[in-house]
$ cat model-v2.txt   # compact mmCIF, C-alpha atoms
# COMPACT_ATOMS: atom_id res chain seq x y z
CA MET A 63 2.31 16.77 10.77
CA ASN A 64 1.06 19.58 12.93
CA TYR A 65 -2.69 19.03 13.04
CA ILE A 66 -4.53 21.68 15.05
CA ASP A 67 -7.98 20.27 14.35
CA PHE A 68 -9.66 17.43 12.51
CA LYS A 69 -12.89 16.93 10.62
CA SER A 70 -14.67 13.72 9.71
CA PRO A 71 -17.06 14.38 6.81
CA THR A 72 -19.36 11.57 5.73
CA GLY A 73 -20.00 12.57 2.13
CA LEU A 74 -18.02 13.83 -0.85
CA ALA A 75 -19.85 17.16 -1.13
CA GLU A 76 -19.32 17.87 2.57
CA ALA A 77 -15.62 16.97 2.35
CA ARG A 78 -15.10 19.11 -0.74
CA SER A 79 -16.82 22.05 0.89
CA MET A 80 -14.55 21.72 3.98
CA LEU A 81 -11.43 21.41 1.84
CA LYS A 82 -12.41 24.43 -0.24
CA GLU A 83 -13.12 26.57 2.81
CA LEU A 84 -9.89 25.56 4.55
CA GLY A 85 -7.75 26.03 1.42
CA ASP A 86 -4.02 25.59 2.10
CA ARG A 87 -4.72 24.81 5.74
CA ALA A 88 -6.49 21.55 4.83
CA SER A 89 -4.75 18.19 4.79
CA PRO A 90 -6.81 15.29 3.42
CA VAL A 91 -5.99 12.11 5.35
CA ALA A 92 -6.79 8.58 4.19
CA GLY A 93 -4.42 5.72 5.05
CA SER A 94 -2.08 8.05 6.99
CA THR A 95 0.96 5.97 6.01
CA LEU A 96 2.82 8.84 4.33
CA HIS A 97 2.68 11.58 6.94
CA VAL A 98 5.83 10.28 8.65
CA PHE A 99 7.73 11.13 5.47
CA LEU A 100 6.35 14.67 5.13
CA ARG A 101 8.27 17.54 6.61
CA ASP A 102 5.46 20.09 6.63
CA GLU A 103 5.11 21.45 10.18
CA SER A 104 2.73 24.30 9.32
CA PRO A 105 -0.57 24.15 11.22
CA LYS A 106 -3.13 22.09 9.31
CA VAL A 107 -6.64 20.81 9.73
CA ALA A 108 -6.88 17.10 8.98
CA VAL A 109 -9.88 16.07 6.90
CA ASP A 110 -10.56 12.35 7.17
CA ILE A 111 -11.63 11.18 3.70
CA LEU A 112 -12.11 7.51 4.55
CA ARG A 113 -15.85 7.87 5.20
CA LEU A 114 -16.87 9.29 1.83
CA GLY A 115 -17.88 6.02 0.18
CA LEU A 116 -14.95 6.18 -2.22
CA SER A 117 -13.81 2.57 -1.74
CA GLY A 118 -14.53 -0.33 -4.04
CA ILE A 119 -13.66 -1.95 -7.37
CA ARG A 120 -16.17 -2.19 -10.25
CA LEU A 121 -15.69 -3.50 -13.78
CA MET A 122 -17.48 -1.27 -16.31
CA ASN A 123 -17.09 -1.54 -20.10
CA GLY A 124 -13.75 -3.31 -19.90
CA GLU A 125 -12.33 -0.88 -17.37
CA TYR A 126 -11.87 -1.23 -13.63
CA HIS A 127 -13.14 1.78 -11.69
CA ILE A 128 -11.27 1.81 -8.41
CA GLY A 129 -12.40 4.18 -5.68
CA ALA A 130 -9.58 6.39 -4.41
CA THR A 131 -9.77 5.12 -0.83
CA THR A 132 -9.64 1.46 -1.84
CA THR A 133 -6.81 -0.07 0.17
CA VAL A 134 -3.83 -1.88 -1.27
CA SER A 135 -5.04 -5.04 0.54
CA ASP A 136 -8.27 -4.77 -1.45
CA LEU A 137 -6.22 -4.54 -4.65
CA LEU A 138 -4.29 -7.63 -3.56
CA GLU A 139 -7.35 -9.69 -2.68
CA HIS A 140 -9.48 -8.75 -5.70
CA ARG A 141 -9.93 -11.49 -8.31
CA GLN A 142 -11.64 -10.92 -11.66
CA PRO A 143 -10.69 -11.55 -15.30
CA GLY A 144 -8.15 -9.02 -16.55
CA TRP A 145 -7.35 -7.75 -13.06
CA VAL A 146 -3.59 -7.32 -12.62
CA LEU A 147 -3.09 -4.85 -9.77
CA ASP A 148 -2.78 -7.75 -7.30
CA ARG A 149 0.68 -8.34 -8.83
CA VAL A 150 1.65 -4.81 -7.86
CA ALA A 151 -0.01 -4.85 -4.44
CA LYS A 152 1.96 -7.99 -3.56
CA ALA A 153 5.20 -5.95 -3.70
CA PHE A 154 3.78 -3.19 -1.50
CA VAL A 155 5.67 -3.18 1.83
CA THR A 156 3.90 -5.01 4.66
CA GLN A 157 0.45 -6.30 5.59
CA PRO A 158 -0.43 -3.51 8.07
CA ILE A 159 0.63 -0.89 5.53
CA ARG A 160 -1.29 -2.67 2.75
CA ASN A 161 -4.34 -2.56 5.03
CA MET A 162 -3.97 1.19 5.57
CA ALA A 163 -2.54 2.64 2.35
CA THR A 164 -4.96 3.60 -0.42
CA ILE A 165 -4.58 3.71 -4.19
CA GLY A 166 -5.44 7.41 -4.14
CA GLY A 167 -2.81 8.33 -1.58
CA SER A 168 -0.23 6.27 -3.43
CA ALA A 169 -1.03 8.12 -6.65
CA VAL A 170 -1.36 11.67 -5.39
CA ARG A 171 2.04 11.92 -3.75
CA VAL A 172 4.91 10.12 -5.46
CA PHE A 173 7.96 8.92 -3.54
CA PRO A 174 10.99 7.16 -5.01
CA TRP A 175 9.68 3.87 -3.62
CA SER A 176 6.14 4.29 -4.97
CA ASP A 177 4.69 1.16 -6.60
CA LEU A 178 1.37 2.08 -8.12
CA PRO A 179 2.35 5.06 -10.31
CA ILE A 180 4.66 2.88 -12.38
CA ALA A 181 1.94 0.27 -12.92
CA LEU A 182 -0.66 2.95 -13.68
CA LEU A 183 1.63 4.43 -16.34
CA ALA A 184 2.18 1.06 -18.00
CA LEU A 185 -1.54 0.23 -17.85
CA ASN A 186 -2.55 3.60 -19.32
CA ALA A 187 -4.80 4.41 -16.37
CA ASP A 188 -6.99 7.48 -16.11
CA LEU A 189 -7.22 9.41 -12.86
CA VAL A 190 -10.46 11.16 -11.99
CA ILE A 191 -10.37 14.41 -10.04
CA THR A 192 -13.63 15.70 -8.64
CA GLY A 193 -13.73 19.45 -8.21
CA ASP A 194 -16.45 21.86 -9.25
CA ASP A 195 -16.31 19.75 -12.42
CA GLU A 196 -14.99 16.24 -12.93
CA ARG A 197 -11.63 16.08 -14.73
CA VAL A 198 -10.07 12.95 -16.15
CA MET A 199 -6.30 12.96 -16.52
CA ALA A 200 -4.29 10.33 -18.35
CA ALA A 201 -1.50 8.83 -16.24
CA PRO A 202 1.43 10.43 -18.18
CA LYS A 203 -0.05 13.90 -17.63
CA PHE A 204 -0.97 13.13 -14.01
CA PHE A 205 2.55 11.95 -13.11
CA GLU A 206 4.34 14.66 -15.11
CA THR A 207 4.85 16.51 -11.84
CA GLN A 208 4.02 15.76 -8.20
CA PRO A 209 0.33 15.00 -8.76
CA PHE A 210 -0.97 16.90 -5.72
CA HIS A 211 -0.05 20.07 -7.65
CA HIS A 212 -3.00 19.30 -9.97
CA LEU A 213 -5.42 19.63 -7.06
CA GLN A 214 -6.99 23.00 -6.30
CA PRO A 215 -8.61 23.63 -2.90
CA GLY A 216 -11.74 21.49 -2.78
CA ASP A 217 -10.48 19.01 -5.39
CA LEU A 218 -10.09 15.33 -4.58
CA LEU A 219 -8.80 12.40 -6.56
CA THR A 220 -11.91 10.22 -6.43
CA SER A 221 -11.16 7.23 -8.62
CA VAL A 222 -8.64 5.49 -10.81
CA ARG A 223 -9.69 3.74 -14.02
CA VAL A 224 -7.56 0.86 -15.21
CA PRO A 225 -8.30 -1.06 -18.42
CA ALA A 226 -8.78 -4.79 -17.85
CA LEU A 227 -6.15 -6.94 -19.51
CA GLY A 228 -7.63 -8.42 -22.68
CA ALA A 229 -6.87 -11.39 -24.91
CA GLY A 230 -3.48 -11.11 -26.59
CA GLN A 231 -2.25 -8.71 -23.93
CA GLY A 232 0.27 -9.15 -21.13
CA PHE A 233 1.45 -7.17 -18.13
CA ALA A 234 4.42 -7.60 -15.80
CA TYR A 235 5.76 -5.63 -12.85
CA HIS A 236 9.00 -5.86 -10.90
CA LYS A 237 10.44 -3.94 -7.97
CA ASP A 238 14.13 -4.44 -7.24
CA ARG A 239 15.02 -4.32 -3.52
CA ARG A 240 17.45 -5.99 -1.20
CA THR A 241 14.81 -7.35 1.20
CA SER A 242 11.06 -7.84 0.86
CA THR A 243 10.24 -4.64 2.74
CA ASP A 244 13.12 -2.52 1.49
CA PHE A 245 12.77 0.65 -0.54
CA SER A 246 12.97 0.12 -4.28
CA ARG A 247 16.19 0.65 -6.22
CA CYS A 248 14.43 0.34 -9.54
CA THR A 249 10.78 -0.39 -10.36
CA VAL A 250 9.63 -1.37 -13.84
CA ALA A 251 6.38 -2.38 -15.53
CA ALA A 252 5.48 -3.39 -19.06
CA TRP A 253 2.21 -3.85 -20.92
CA LEU A 254 2.19 -5.41 -24.35
CA ALA A 255 -0.45 -6.29 -27.00
CA LEU A 256 0.15 -8.82 -29.78
CA GLU A 257 -1.49 -8.97 -33.19
CA GLU A 258 -0.59 -11.74 -35.61
CA GLY A 259 2.63 -12.41 -33.77
CA ARG A 260 3.84 -8.80 -33.83
CA ILE A 261 3.77 -6.12 -31.16
CA ALA A 262 0.71 -4.01 -31.91
CA ASP A 263 1.21 -1.77 -28.90
CA VAL A 264 3.51 -1.63 -25.89
CA ARG A 265 4.08 0.54 -22.84
CA ILE A 266 7.14 0.56 -20.61
CA ALA A 267 7.27 2.47 -17.31
CA VAL A 268 10.08 2.95 -14.82
CA GLY A 269 10.38 4.44 -11.36
CA ALA A 270 12.69 4.76 -8.33
CA ALA A 271 15.85 4.97 -10.47
CA VAL A 272 14.54 8.12 -12.19
CA PRO A 273 13.47 11.38 -10.51
CA MET A 274 9.77 10.82 -11.33
CA PRO A 275 8.04 7.75 -12.82
CA ARG A 276 8.23 7.88 -16.60
CA ARG A 277 7.34 5.96 -19.74
CA MET A 278 10.23 4.98 -21.99
CA GLU A 279 8.62 6.14 -25.21
CA ALA A 280 11.63 5.77 -27.49
CA ALA A 281 11.84 2.06 -26.66
CA GLU A 282 8.07 1.68 -27.11
CA GLU A 283 8.24 3.23 -30.58
CA ALA A 284 11.14 0.97 -31.53
CA LEU A 285 9.09 -2.10 -30.57
CA LYS A 286 5.81 -1.28 -32.30
CA GLY A 287 5.33 -3.59 -35.25
CA ALA A 288 8.38 -5.68 -34.32
CA ARG A 289 8.43 -9.40 -33.75
CA PRO A 290 8.79 -9.84 -29.98
CA GLY A 291 11.73 -11.63 -28.43
CA PRO A 292 14.71 -11.07 -26.13
CA ALA A 293 16.90 -9.61 -28.89
CA ALA A 294 14.23 -7.14 -30.02
CA PHE A 295 13.52 -6.15 -26.41
CA ALA A 296 17.21 -5.58 -25.64
CA LYS A 297 17.74 -3.53 -28.82
CA ALA A 298 14.73 -1.32 -28.10
CA VAL A 299 15.75 -0.76 -24.49
CA GLU A 300 19.24 0.21 -25.63
CA ALA A 301 17.64 2.73 -27.98
CA GLY A 302 15.54 4.24 -25.20
CA ILE A 303 17.67 3.95 -22.09
CA ASP A 304 19.46 7.29 -22.47
CA THR A 305 16.26 9.24 -23.03
CA LEU A 306 15.81 9.15 -19.24
CA ARG A 307 18.05 10.51 -16.50
CA TRP A 308 19.14 7.70 -14.15
CA LYS A 309 19.66 8.18 -10.46
CA GLY A 310 21.22 5.56 -8.16
CA LEU A 311 19.50 4.99 -4.82
CA HIS A 312 20.45 3.08 -1.68
CA GLY A 313 24.14 2.71 -2.42
CA ILE A 314 24.07 2.10 -6.16
CA SER A 315 25.61 4.42 -8.75
CA ASP A 316 23.70 6.22 -11.50
CA GLU A 317 25.44 3.98 -14.01
CA PHE A 318 24.37 0.82 -12.18
CA ALA A 319 20.80 2.14 -11.94
CA ARG A 320 20.84 2.54 -15.74
CA HIS A 321 22.17 -1.00 -16.18
CA LEU A 322 19.72 -2.47 -13.66
CA ALA A 323 16.80 -0.80 -15.41
CA SER A 324 17.87 -2.10 -18.82
CA VAL A 325 18.01 -5.69 -17.50
CA LEU A 326 14.72 -5.45 -15.61
CA ILE A 327 12.85 -3.91 -18.53
CA VAL A 328 13.85 -6.79 -20.80
CA ASP A 329 12.65 -9.17 -18.07
CA VAL A 330 9.20 -7.57 -17.71
CA LEU A 331 8.79 -7.30 -21.48
CA THR A 332 9.60 -11.00 -21.75
CA GLN A 333 7.06 -11.86 -19.03
CA ALA A 334 4.39 -9.62 -20.57
CA HIS A 335 5.03 -11.27 -23.95
CA GLU A 336 4.65 -14.75 -22.45
CA GLU A 337 1.31 -13.76 -20.97
CA ALA A 338 0.15 -12.14 -24.21
CA LYS A 339 0.96 -15.36 -26.07
CA GLY A 340 -1.23 -17.19 -23.60
CA ALA A 341 1.69 -19.13 -22.18
CA MET B 222 -4.58 22.47 21.64
CA ASN B 223 -8.08 21.76 20.39
CA MET B 224 -9.17 18.64 22.34
CA LYS B 225 -12.09 16.75 20.83
CA SER B 226 -14.05 13.70 21.87
CA ILE B 227 -14.18 10.47 19.87
CA THR B 228 -16.03 7.24 20.61
CA PHE B 229 -15.08 3.78 19.47
CA THR B 230 -15.39 0.16 20.51
CA LEU B 231 -12.23 -0.89 22.34
CA ASN B 232 -11.95 -4.57 23.23
CA ASN B 233 -15.73 -5.03 23.00
CA GLU B 234 -16.50 -2.00 25.15
CA LYS B 235 -17.77 1.33 23.84
CA ARG B 236 -15.38 4.04 25.09
CA SER B 237 -15.06 7.80 24.67
CA PHE B 238 -11.76 9.67 24.80
CA ASP B 239 -10.72 13.29 24.53
CA ILE B 240 -7.91 13.44 22.01
CA GLU B 241 -5.55 15.97 20.50
CA PRO B 242 -5.85 16.34 16.70
CA ASP B 243 -2.32 15.14 15.99
CA GLU B 244 -2.32 12.33 18.56
CA THR B 245 -1.55 8.88 17.18
CA LEU B 246 -3.60 5.87 18.20
CA ILE B 247 -0.70 4.33 20.08
CA ASP B 248 -0.18 7.46 22.15
CA LEU B 249 -3.86 7.46 23.04
CA LEU B 250 -3.82 3.77 23.95
CA ARG B 251 -0.70 3.93 26.07
CA ARG B 252 -1.68 7.07 27.99
CA SER B 253 -5.06 5.39 28.64
CA GLY B 254 -3.37 2.39 30.28
CA TYR B 255 -3.29 0.01 27.31
CA THR B 256 0.47 -0.43 27.48
CA GLY B 257 0.51 -3.94 26.02
CA THR B 258 0.77 -2.30 22.59
CA LYS B 259 4.43 -1.36 22.17
CA LEU B 260 6.01 1.60 20.40
CA GLY B 261 9.00 0.42 18.40
CA CYS B 262 10.13 2.15 15.20
CA ASP B 263 7.40 4.85 15.20
CA THR B 264 7.40 4.76 11.38
CA GLY B 265 5.10 1.81 10.66
CA MET B 266 7.84 -0.65 9.81
CA CYS B 267 8.29 -2.99 12.80
CA GLY B 268 4.77 -4.06 13.81
CA SER B 269 5.29 -3.83 17.58
CA CYS B 270 2.30 -1.47 17.71
CA ALA B 271 0.00 -3.68 15.64
CA VAL B 272 -3.67 -3.61 16.63
CA ILE B 273 -6.78 -4.90 14.87
CA ILE B 274 -9.20 -2.33 13.46
CA ASP B 275 -12.44 -3.57 11.92
CA GLY B 276 -10.85 -7.00 11.54
CA ARG B 277 -7.63 -5.86 9.88
CA ILE B 278 -4.17 -5.48 11.31
CA VAL B 279 -2.78 -1.92 11.24
CA ASN B 280 0.12 -0.02 12.78
CA ALA B 281 -1.11 2.18 15.63
CA CYS B 282 2.05 4.32 15.56
CA ILE B 283 1.18 6.01 12.28
CA LEU B 284 -2.60 6.00 12.51
CA PHE B 285 -4.15 9.14 13.93
CA ALA B 286 -6.49 8.60 16.86
CA PHE B 287 -9.27 10.61 15.18
CA GLN B 288 -9.38 7.99 12.41
CA VAL B 289 -10.78 5.30 14.73
CA ASP B 290 -13.81 7.34 15.72
CA GLY B 291 -16.81 4.99 15.34
CA ARG B 292 -14.65 1.97 14.55
CA THR B 293 -13.79 -1.25 16.38
CA VAL B 294 -10.32 -1.53 17.89
CA GLU B 295 -8.82 -4.62 19.48
CA THR B 296 -5.58 -4.58 21.46
CA ILE B 297 -3.61 -7.33 23.16
CA GLU B 298 -5.48 -6.55 26.41
CA GLY B 299 -8.67 -7.83 24.74
CA VAL B 300 -7.12 -11.09 23.59
CA GLY B 301 -6.42 -12.87 26.86
CA ASP B 302 -4.71 -12.52 30.20
CA PHE B 303 -2.50 -14.53 32.53
CA ASP B 304 -5.41 -16.55 33.91
CA ARG B 305 -7.21 -17.02 30.60
CA PRO B 306 -4.66 -16.88 27.82
CA HIS B 307 -5.69 -17.04 24.18
CA PRO B 308 -4.55 -20.24 22.38
CA LEU B 309 -2.05 -18.13 20.43
CA GLN B 310 -0.54 -16.87 23.67
CA THR B 311 -0.33 -20.39 25.09
CA ALA B 312 1.24 -21.64 21.88
CA MET B 313 3.86 -18.86 21.90
CA ALA B 314 4.79 -19.68 25.50
CA ASP B 315 4.83 -23.46 24.93
CA ALA B 316 7.01 -23.16 21.82
CA GLY B 317 9.54 -20.89 23.50
CA ALA B 318 8.73 -18.27 20.87
CA VAL B 319 9.28 -15.32 23.19
CA GLN B 320 12.62 -13.88 24.23
CA CYS B 321 12.57 -10.16 25.05
CA GLY B 322 8.84 -10.13 24.27
CA PHE B 323 8.67 -6.62 22.84
CA CYS B 324 7.34 -7.78 19.45
CA THR B 325 5.04 -10.47 20.90
CA PRO B 326 1.82 -8.44 21.29
CA GLY B 327 2.05 -7.29 17.66
CA ILE B 328 2.71 -10.81 16.46
CA ILE B 329 -0.26 -12.20 18.42
CA MET B 330 -2.53 -9.49 17.00
CA ALA B 331 -1.36 -10.06 13.41
CA ALA B 332 -1.80 -13.84 13.75
CA LYS B 333 -5.22 -13.42 15.36
CA ALA B 334 -6.42 -11.19 12.51
CA LEU B 335 -5.21 -13.76 9.97
CA LEU B 336 -6.75 -16.78 11.72
CA GLU B 337 -10.09 -15.02 12.12
CA GLN B 338 -10.08 -14.41 8.39
CA LYS B 339 -8.58 -17.78 7.46
CA PRO B 340 -8.63 -20.42 10.25
CA ASN B 341 -6.71 -22.88 8.05
CA ALA B 342 -3.86 -20.44 7.33
CA THR B 343 -0.77 -22.03 5.83
CA GLU B 344 2.89 -21.22 6.41
CA GLU B 345 2.82 -19.08 3.26
CA ASP B 346 -0.19 -17.16 4.64
CA PHE B 347 1.65 -16.48 7.90
CA ASN B 348 4.78 -15.40 6.01
CA ARG B 349 2.82 -12.88 3.96
CA HIS B 350 0.48 -11.69 6.70
CA LEU B 351 3.24 -11.23 9.29
CA ASP B 352 5.75 -9.62 6.92
CA GLY B 353 5.31 -6.41 8.90
CA ASN B 354 6.23 -7.92 12.27
CA LEU B 355 9.92 -7.82 13.06
CA CYS B 356 11.56 -9.89 15.81
CA ARG B 357 15.21 -9.33 16.55
CA CYS B 358 15.60 -12.15 19.11
CA THR B 359 14.10 -15.43 18.01
CA GLY B 360 14.92 -15.85 14.33
CA TYR B 361 11.21 -16.57 13.67
CA VAL B 362 11.45 -20.39 13.66
CA LYS B 363 9.78 -20.85 17.04
CA ILE B 364 7.26 -18.11 16.30
CA LYS B 365 6.20 -19.87 13.11
CA GLU B 366 5.97 -23.20 14.94
CA ALA B 367 3.72 -21.63 17.55
CA LEU B 368 1.43 -19.83 15.13
CA LEU B 369 1.10 -22.77 12.74
CA SER B 370 0.06 -25.00 15.63
CA CYS B 371 -3.02 -22.77 16.00
CA SER B 372 -4.10 -23.19 12.39
CA SER B 373 -6.72 -25.82 11.61
CA ALA B 374 -4.58 -26.68 8.56
CA THR B 375 -2.07 -28.36 10.85
CA GLY B 376 -4.57 -29.93 13.23
CA GLY B 377 -2.67 -28.52 16.15
CA GLN B 378 0.72 -29.60 14.83
CA SER B 379 3.34 -27.30 13.37

$ encode --input "model-v2.txt" --output "structure tokens"
Amino acid sequence: MNYIDFKSPTGLAEARSMLKELGDRASPVAGSTLHVFLRDESPKVAVDILRLGLSGIRLMNGEYHIGATTTVSDLLEHRQPGWVLDRVAKAFVTQPIRNMATIGGSAVRVFPWSDLPIALLALNADLVITGDDERVMAAPKFFETQPFHHLQPGDLLTSVRVPALGAGQGFAYHKDRRTSTDFSRCTVAAWLALEEGRIADVRIAVGAAVPMPRRMEAAEEALKGARPGPAAFAKAVEAGIDTLRWKGLHGISDEFARHLASVLIVDVLTQAHEEAKGA
Amino acid sequence: MNMKSITFTLNNEKRSFDIEPDETLIDLLRRSGYTGTKLGCDTGMCGSCAVIIDGRIVNACILFAFQVDGRTVETIEGVGDFDRPHPLQTAMADAGAVQCGFCTPGIIMAAKALLEQKPNATEEDFNRHLDGNLCRCTGYVKIKEALLSCSSATGGQS
């Protein structure tokens, strides 16, 4: 990045005012782990948003409110009933990066190797943007395009709201990579709710092997009301797999990416089901 | 370029530096004489540049210098020296855990941050906490032996 100046606001209103005034010349900086991947060499003014008091995790009315500058290490270390993002944070590259990267930065700009967007889609998270007004966007809408396009000058993603996992519900996440710190070839997550032994609701999300993280809605619809089990999961995935466009990364073909995803989705559905059963 | 002043605590001493807006922390450290911190991959993946900021290990190659304004930074120079080595440094030398030595400062810093947080760190803790520190010489066995010998969980044994 070509930073020609920097600013270190200490409050949200001050930061928003700076960002609004600077417009396209502003570059909000939090964990600073992504700038090495950005190719923008136009002159920018860095606005440090780590001092705005936007870090922390609070449980309110069955929903975790996670400040946008909460680090991935904080997500990993947090322990509370129904908290599941530690399972995702565990797969997030390395300790120094986990200490620097924030949930907000990971959500606002999506890369093929991104972890959190896939989990946030499966968990039906809401993303809160503070501008002149506060806007709440559901994850599918937020990740429809590169999320930073939703932000007008002066807007900031300020928090992420994730429902706590309840009784009869399960969640599983898997990132396929060759080594523990490698980029993902396919990332999948599943959330599932049981009622009287049947699937009352289910969400399946995939990333890395598709151009942008997406829910697999056709498979979800096929599973609603069904009795859960490997055969039902495999049949539903087969019904939904071609509703998405598969893209092979890191030496694998598009066809193998499709196959890999179908296997991994059945795996995470099975794990989510086990958890929902209370196993 | 628009030079600006920042102040932070560096190895227990309050210091002020004039920095360029796009200067990384490692560039600031090395041009200021703190050359124990090494620049390896320059993309945050190898851990040679690891330093401790406010008690947590981070990669100085991708962190902008302006981000440490007002914070506490610890580099290998603050850990120990030839005459008064830190127990981790002694352990690394005794175990033969150093070959070319380029990754060693980052490994010491990562291990120090972990042991300050968890003095009884286990092998699993070291594996997870040092997953961002690459060594291309030793194969990690001797490094692990050395670091584990400094954990109270092993009582000085690895």

$ atom_distance --input "model-v2.txt" --atom1 "atom CA of Glu241 of chain B" --atom2 "atom CA of Gly167 of chain A"
23.5 Å

$ interface_residues --input "model-v2.txt" --of "chain B" --to "chain A" --cutoff "10 Å" --atoms "all atoms listed in the file" --output "compact mmCIF listing (two decimals) with C-alpha atoms, keeping the file's coordinate frame"
# COMPACT_ATOMS: atom_id res chain seq x y z
CA MET B 222 -4.58 22.47 21.64
CA ASN B 223 -8.08 21.76 20.39
CA MET B 224 -9.17 18.64 22.34
CA LYS B 225 -12.09 16.75 20.83
CA GLU B 241 -5.55 15.97 20.50
CA PRO B 242 -5.85 16.34 16.70
CA ASP B 243 -2.32 15.14 15.99
CA GLU B 244 -2.32 12.33 18.56
CA ASP B 263 7.40 4.85 15.20
CA THR B 264 7.40 4.76 11.38
CA GLY B 265 5.10 1.81 10.66
CA MET B 266 7.84 -0.65 9.81
CA CYS B 267 8.29 -2.99 12.80
CA GLY B 268 4.77 -4.06 13.81
CA ALA B 271 0.00 -3.68 15.64
CA VAL B 272 -3.67 -3.61 16.63
CA ILE B 273 -6.78 -4.90 14.87
CA ILE B 274 -9.20 -2.33 13.46
CA ARG B 277 -7.63 -5.86 9.88
CA ILE B 278 -4.17 -5.48 11.31
CA VAL B 279 -2.78 -1.92 11.24
CA ASN B 280 0.12 -0.02 12.78
CA ALA B 281 -1.11 2.18 15.63
CA CYS B 282 2.05 4.32 15.56
CA ILE B 283 1.18 6.01 12.28
CA LEU B 284 -2.60 6.00 12.51
CA PHE B 285 -4.15 9.14 13.93
CA PHE B 287 -9.27 10.61 15.18
CA GLN B 288 -9.38 7.99 12.41
CA ASP B 290 -13.81 7.34 15.72
CA ALA B 331 -1.36 -10.06 13.41
CA ARG B 349 2.82 -12.88 3.96
CA HIS B 350 0.48 -11.69 6.70
CA LEU B 351 3.24 -11.23 9.29
CA ASP B 352 5.75 -9.62 6.92
CA GLY B 353 5.31 -6.41 8.90
CA ASN B 354 6.23 -7.92 12.27

$ closest_residue --input "model-v2.txt" --among "A:Ile180, A:Leu326, A:Ala334, A:Leu213" --to "Gly193 of chain A" --atoms "all atoms listed in the file"
A:Leu213

$ closest_residue --input "model-v2.txt" --among "B:Thr293, B:Ala374, B:Leu246, B:Cys262" --to "Pro340 of chain B" --atoms "all atoms listed in the file"
B:Ala374

$ residues_around --input "model-v2.txt" --residues "segment 332-336 of chain B" --least-positions-apart "3" --cutoff "9 Å" --atoms "all atoms listed in the file" --output "list of chain:residue names"
B:Ile273, B:Gly276, B:Arg277, B:Ile278, B:Val300, B:Leu309, B:Gly327, B:Ile328, B:Ile329, B:Lys339, B:Pro340, B:Asn341, B:Ala342, B:Asp346, B:Phe347, B:His350, B:Leu351, B:Leu368, B:Cys371, B:Ser372

$ atom_distance --input "model-v2.txt" --atom1 "atom CA of Gly230 of chain A" --atom2 "atom CA of Glu336 of chain A"
9.8 Å

$ residues_around --input "model-v2.txt" --residues "segment 314-323 of chain B" --least-positions-apart "4" --cutoff "12 Å" --atoms "only C-alpha atoms" --output "VMD selection string"
chain B and resid 256 to 262 267 to 271 303 306 to 310 327 to 329 354 to 371 378 to 379

$ write_last_selection --input "model-v2.txt" --atoms "C-alpha atoms" --output "compact mmCIF listing (two decimals), in the frame of the given file"
# COMPACT_ATOMS: atom_id res chain seq x y z
CA THR B 256 0.47 -0.43 27.48
CA GLY B 257 0.51 -3.94 26.02
CA THR B 258 0.77 -2.30 22.59
CA LYS B 259 4.43 -1.36 22.17
CA LEU B 260 6.01 1.60 20.40
CA GLY B 261 9.00 0.42 18.40
CA CYS B 262 10.13 2.15 15.20
CA CYS B 267 8.29 -2.99 12.80
CA GLY B 268 4.77 -4.06 13.81
CA SER B 269 5.29 -3.83 17.58
CA CYS B 270 2.30 -1.47 17.71
CA ALA B 271 0.00 -3.68 15.64
CA PHE B 303 -2.50 -14.53 32.53
CA PRO B 306 -4.66 -16.88 27.82
CA HIS B 307 -5.69 -17.04 24.18
CA PRO B 308 -4.55 -20.24 22.38
CA LEU B 309 -2.05 -18.13 20.43
CA GLN B 310 -0.54 -16.87 23.67
CA GLY B 327 2.05 -7.29 17.66
CA ILE B 328 2.71 -10.81 16.46
CA ILE B 329 -0.26 -12.20 18.42
CA ASN B 354 6.23 -7.92 12.27
CA LEU B 355 9.92 -7.82 13.06
CA CYS B 356 11.56 -9.89 15.81
CA ARG B 357 15.21 -9.33 16.55
CA CYS B 358 15.60 -12.15 19.11
CA THR B 359 14.10 -15.43 18.01
CA GLY B 360 14.92 -15.85 14.33
CA TYR B 361 11.21 -16.57 13.67
CA VAL B 362 11.45 -20.39 13.66
CA LYS B 363 9.78 -20.85 17.04
CA ILE B 364 7.26 -18.11 16.30
CA LYS B 365 6.20 -19.87 13.11
CA GLU B 366 5.97 -23.20 14.94
CA ALA B 367 3.72 -21.63 17.55
CA LEU B 368 1.43 -19.83 15.13
CA LEU B 369 1.10 -22.77 12.74
CA SER B 370 0.06 -25.00 15.63
CA CYS B 371 -3.02 -22.77 16.00
CA GLN B 378 0.72 -29.60 14.83
CA SER B 379 3.34 -27.30 13.37

$ atom_distance --input "model-v2.txt" --atom1 "atom CA of Arg251 of chain B" --atom2 "atom CA of Ile297 of chain B"
12.0 Å

$ residues_around --input "model-v2.txt" --residues "segment 300-305 of chain A" --least-positions-apart "3" --cutoff "12 Å" --atoms "all atoms listed in the file" --output "MDAnalysis selection string"
chainID A and resid 266:268 271:272 276:285 293:297 308 316:317 319:328

$ residues_around --input "model-v2.txt" --residues "Ala184 of chain A" --least-positions-apart "3" --cutoff "12 Å" --atoms "all atoms listed in the file" --output "ChimeraX atom specification"
/A:146-147,150,177-181,187-188,200-202,205,224-225,227,232-235,249-255,263-269,275-279,282,327,330-331,334

$ axis_aligned_box --input "model-v2.txt" --around "segment 86-97 of chain A" --padding-each-side "5 Å" --output "AutoDock Vina command-line options"
--center_x -2.0 --center_y 15.7 --center_z 4.5 --size_x 19.6 --size_y 29.9 --size_z 14.9
